[in-house]
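Trainee: Got a structure for you, questions after.
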Amino acid sequence: MEKSLKVRLAKPHLLRRIWKKILSYFFLKQWILLIKRGVQNEPPSWDHFTPLIPPADRLWADPFVWMHKEKYHIFYEEKLYSSDRGHIACLTLDREMNQLDNRVVLERPYHLSYPFIFEHQEEIYMIPETEQNHSIELYRCTDFPYHWVLVKTLISNIQAVDPTLLQAYGKWWLFANIRDGKRTWESLHLFYADHFLSDQWTPHPRNPIVKDIRSSRPAGRIFQHNGEWIRPSQNCSIRYGYAINFNRISVLTDSDYSEQREWYLEPQRSHNILGTHTWNESGGLTTIDALIRTSRFFPHSATLLTK
């Protein structure tokens, strides 16, 4: 019996799994939001962020910020731990960062996350992740920010996560990771069309344009920096949503694609941050999410960087 016990304890990672199980009784891992004024640094850093921590029964993640009528609107995924699906909520702040409102704005009978928001011809649209419905769906706002209507399904019969739209070089480009077996972290696919309302989205001939667990999955809006396009992406090699890459797109055509990592943002374990997987900016406000470990008995006791 004693020898058998020693053999079991000697198995790889067994002690680590036991330790994680013990920790789970006392601590909870929770996704939260963080905000700061100003645009990103070179390289990005954790300095000057203020945490926005949800109640202990839910997570907040995938923040996209949009300025409208002198107010900041942070759209994000909210998911209660008791539920098997998330919905889209919106946190409204004034210019002094005072909270004005926080409510659910889009809910479907399937999981929603990653509320990619954009404007075209004075209309505001959203492409949330709707992988659970095997589709990429487009919504239009009829009363900002509270009411959204389904405009159309852009692509059907697809298991796509974190769809990210870009208008550049005379075309509309749609980036999304496609489920490869059980995982959605490895294969970035690209589609293009002449207009975002098109019924014909052409798969890129180089698909998957990135096949790497360290850099494929989108992590926010593609933005311009010094005249070049920067694509945030997730590094999921340590865990899902571990860190964020900032990749410079060097080639984007209907026949070729190439990118190179310029900067990298890792979690700050010294401040109890275990992971991060979304970065967005708009109107002089930067939003990011972070995975933290917090006490089950003393919620929101985590130490966070808030210089």
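We name chains A, B, ... following the order of the structure tokens; residues begin at 1 in each chain, and ligands are numbered from 1 as shown.
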Tell me, as a PyMOL selection string, which residues lie within 6 Å of Ile244 (chain A), counting only C-alpha atoms; anything in the same chain fewer than 3 positions away does not count.

Mentor: chain A and resi 233-235+264-265+277

Trainee: Please provide as a list in words all residues within 8 Å of region 132-141 of chain A, with the sequence filter that same-chain residues fewer than 4 positions apart are discarded (counting only C-alpha atoms).

Mentor: Tyr110, His111, Glu123, Ile124, Tyr125, Met126, Ile127, Pro128, Pro145, Tyr146, His147, Trp148, Val149, Leu150, Val151, Lys152, Thr153, Leu154, Ile155, Ser156, Asn157, Ile158, Gln159, Ala160 and Pro163 of chain A

Trainee: Can those selected residues be exported to a file as a PDB file, in the first residue's frame so that it contains C-alpha atoms?

Mentor:
ATOM      1  CA  TYR A 110     -26.787  31.257 -27.165  1.00  0.00           C
ATOM      2  CA  HIS A 111     -23.446  32.496 -25.873  1.00  0.00           C
ATOM      3  CA  GLU A 123     -24.638  53.941 -38.081  1.00  0.00           C
ATOM      4  CA  ILE A 124     -23.120  51.920 -35.224  1.00  0.00           C
ATOM      5  CA  TYR A 125     -22.774  48.169 -35.651  1.00  0.00           C
ATOM      6  CA  MET A 126     -21.625  45.228 -33.569  1.00  0.00           C
ATOM      7  CA  ILE A 127     -20.260  41.804 -34.494  1.00  0.00           C
ATOM      8  CA  PRO A 128     -20.322  39.770 -31.271  1.00  0.00           C
ATOM      9  CA  PRO A 145     -26.239  51.909 -26.511  1.00  0.00           C
ATOM     10  CA  TYR A 146     -29.246  49.896 -25.359  1.00  0.00           C
ATOM     11  CA  HIS A 147     -31.070  48.430 -28.362  1.00  0.00           C
ATOM     12  CA  TRP A 148     -29.585  46.268 -31.113  1.00  0.00           C
ATOM     13  CA  VAL A 149     -31.258  44.475 -34.012  1.00  0.00           C
ATOM     14  CA  LEU A 150     -29.917  41.640 -36.115  1.00  0.00           C
ATOM     15  CA  VAL A 151     -29.102  42.917 -39.608  1.00  0.00           C
ATOM     16  CA  LYS A 152     -27.899  39.692 -41.186  1.00  0.00           C
ATOM     17  CA  THR A 153     -25.710  36.651 -40.838  1.00  0.00           C
ATOM     18  CA  LEU A 154     -22.407  37.396 -42.550  1.00  0.00           C
ATOM     19  CA  ILE A 155     -21.194  33.794 -42.674  1.00  0.00           C
ATOM     20  CA  SER A 156     -23.236  30.679 -41.841  1.00  0.00           C
ATOM     21  CA  ASN A 157     -22.256  27.157 -40.820  1.00  0.00           C
ATOM     22  CA  ILE A 158     -19.009  28.275 -39.211  1.00  0.00           C
ATOM     23  CA  GLN A 159     -17.542  27.903 -35.710  1.00  0.00           C
ATOM     24  CA  ALA A 160     -15.667  31.185 -35.517  1.00  0.00           C
ATOM     25  CA  PRO A 163     -14.424  37.958 -35.318  1.00  0.00           C
TER      26      PRO A 163
END

Trainee: With distances taken over only C-alpha atoms, which residue among A:Cys90, A:Cys236, A:Leu112, A:Ile288 lies nearest Ser187 (chain A)?

Mentor: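 Among A:Cys90, A:Cys236, A:Leu112, A:Ile288, it is A:Cys236 that comes nearest to Ser187 (chain A).
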
Trainee: Check the smallest atom-to-atom distance from each of A:Glu42, A:Glu129, A:Asp254, A:Glu96 to Arg108 (chain A) using only C-alpha atoms, then report the winner.

Mentor: A:Glu129

Trainee: List every residue of region 178-300 of chain A that DSSP, applied to the backbone of this structure, places in strand (DSSP E), and write the result as a PyMOL selection string.

Mentor: chain A and resi 178+187-193+202-203+210-211+223-225+228-235+243-252+257-265+273-275+279-282+285-295

Trainee: What does the file look like for those residues with C-alpha atoms, as a compact mmCIF listing (two decimals), in the first residue's frame?

Mentor:
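Once everything was written out, this is part_3.txt:
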# COMPACT_ATOMS: atom_id res chain seq x y z
CA ILE A 178 -11.92 28.72 -36.51
CA SER A 187 -5.97 28.66 -36.52
CA LEU A 188 -6.55 32.26 -37.64
CA HIS A 189 -8.63 32.51 -40.82
CA LEU A 190 -9.20 35.55 -43.01
CA PHE A 191 -12.13 36.42 -45.28
CA TYR A 192 -12.60 39.46 -47.51
CA ALA A 193 -15.40 41.28 -49.34
CA THR A 202 -14.19 35.00 -49.86
CA PRO A 203 -11.89 32.76 -47.79
CA VAL A 210 -1.59 32.07 -38.81
CA LYS A 211 -1.44 28.62 -37.21
CA PHE A 223 -5.41 49.77 -34.98
CA GLN A 224 -2.93 52.05 -36.72
CA HIS A 225 0.37 53.04 -35.14
CA GLU A 228 1.03 50.74 -39.85
CA TRP A 229 -1.67 48.26 -38.88
CA ILE A 230 -1.20 46.52 -35.52
CA ARG A 231 -3.18 43.34 -34.80
CA PRO A 232 -3.49 42.38 -31.10
CA SER A 233 -3.51 38.62 -30.59
CA GLN A 234 -3.54 36.14 -27.73
CA ASN A 235 -0.73 33.94 -26.53
CA ALA A 243 -0.77 37.31 -22.75
CA ILE A 244 -1.20 39.76 -25.64
CA ASN A 245 0.98 40.16 -28.73
CA PHE A 246 0.93 43.32 -30.82
CA ASN A 247 1.66 42.23 -34.39
CA ARG A 248 2.55 44.58 -37.25
CA ILE A 249 0.76 43.56 -40.45
CA SER A 250 3.40 43.79 -43.18
CA VAL A 251 1.44 42.16 -46.04
CA LEU A 252 -2.34 42.16 -46.50
CA TYR A 257 -0.61 37.75 -45.59
CA SER A 258 2.28 38.34 -43.20
CA GLU A 259 2.76 39.81 -39.72
CA GLN A 260 5.57 40.22 -37.18
CA ARG A 261 5.33 40.73 -33.43
CA GLU A 262 6.36 44.23 -32.33
CA TRP A 263 5.46 44.25 -28.63
CA TYR A 264 4.29 41.84 -25.96
CA LEU A 265 2.26 42.31 -22.77
CA ILE A 273 -2.67 39.11 -12.63
CA LEU A 274 -2.63 35.62 -14.16
CA GLY A 275 -3.63 36.41 -17.73
CA TRP A 279 -6.89 45.28 -25.50
CA ASN A 280 -8.83 48.19 -27.04
CA GLU A 281 -8.61 51.98 -27.28
CA SER A 282 -11.00 54.73 -28.32
CA LEU A 285 -9.39 55.65 -23.13
CA THR A 286 -7.69 52.24 -23.06
CA THR A 287 -9.52 49.14 -21.84
CA ILE A 288 -8.08 45.73 -21.06
CA ASP A 289 -9.17 42.60 -19.23
CA ALA A 290 -7.25 40.49 -16.72
CA LEU A 291 -7.59 37.15 -15.00
CA ILE A 292 -6.99 37.49 -11.26
CA ARG A 293 -7.08 35.20 -8.24
CA THR A 294 -9.33 36.48 -5.46
CA SER A 295 -10.44 35.06 -2.12

Trainee: Counting only C-alpha atoms, which residue out of A:Glu122, A:Gly227, A:Gln99, A:Asn177 sits closest to Asp212 (chain A)?

Mentor: A:Asn177

Trainee: May I ask for the distance between CA of Arg58 (chain A) and CA of Met97 (chain A), given in Å to one decimal place?

Mentor: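 Separation between CA of Arg58 (chain A) and CA of Met97 (chain A): 22.5 Å.
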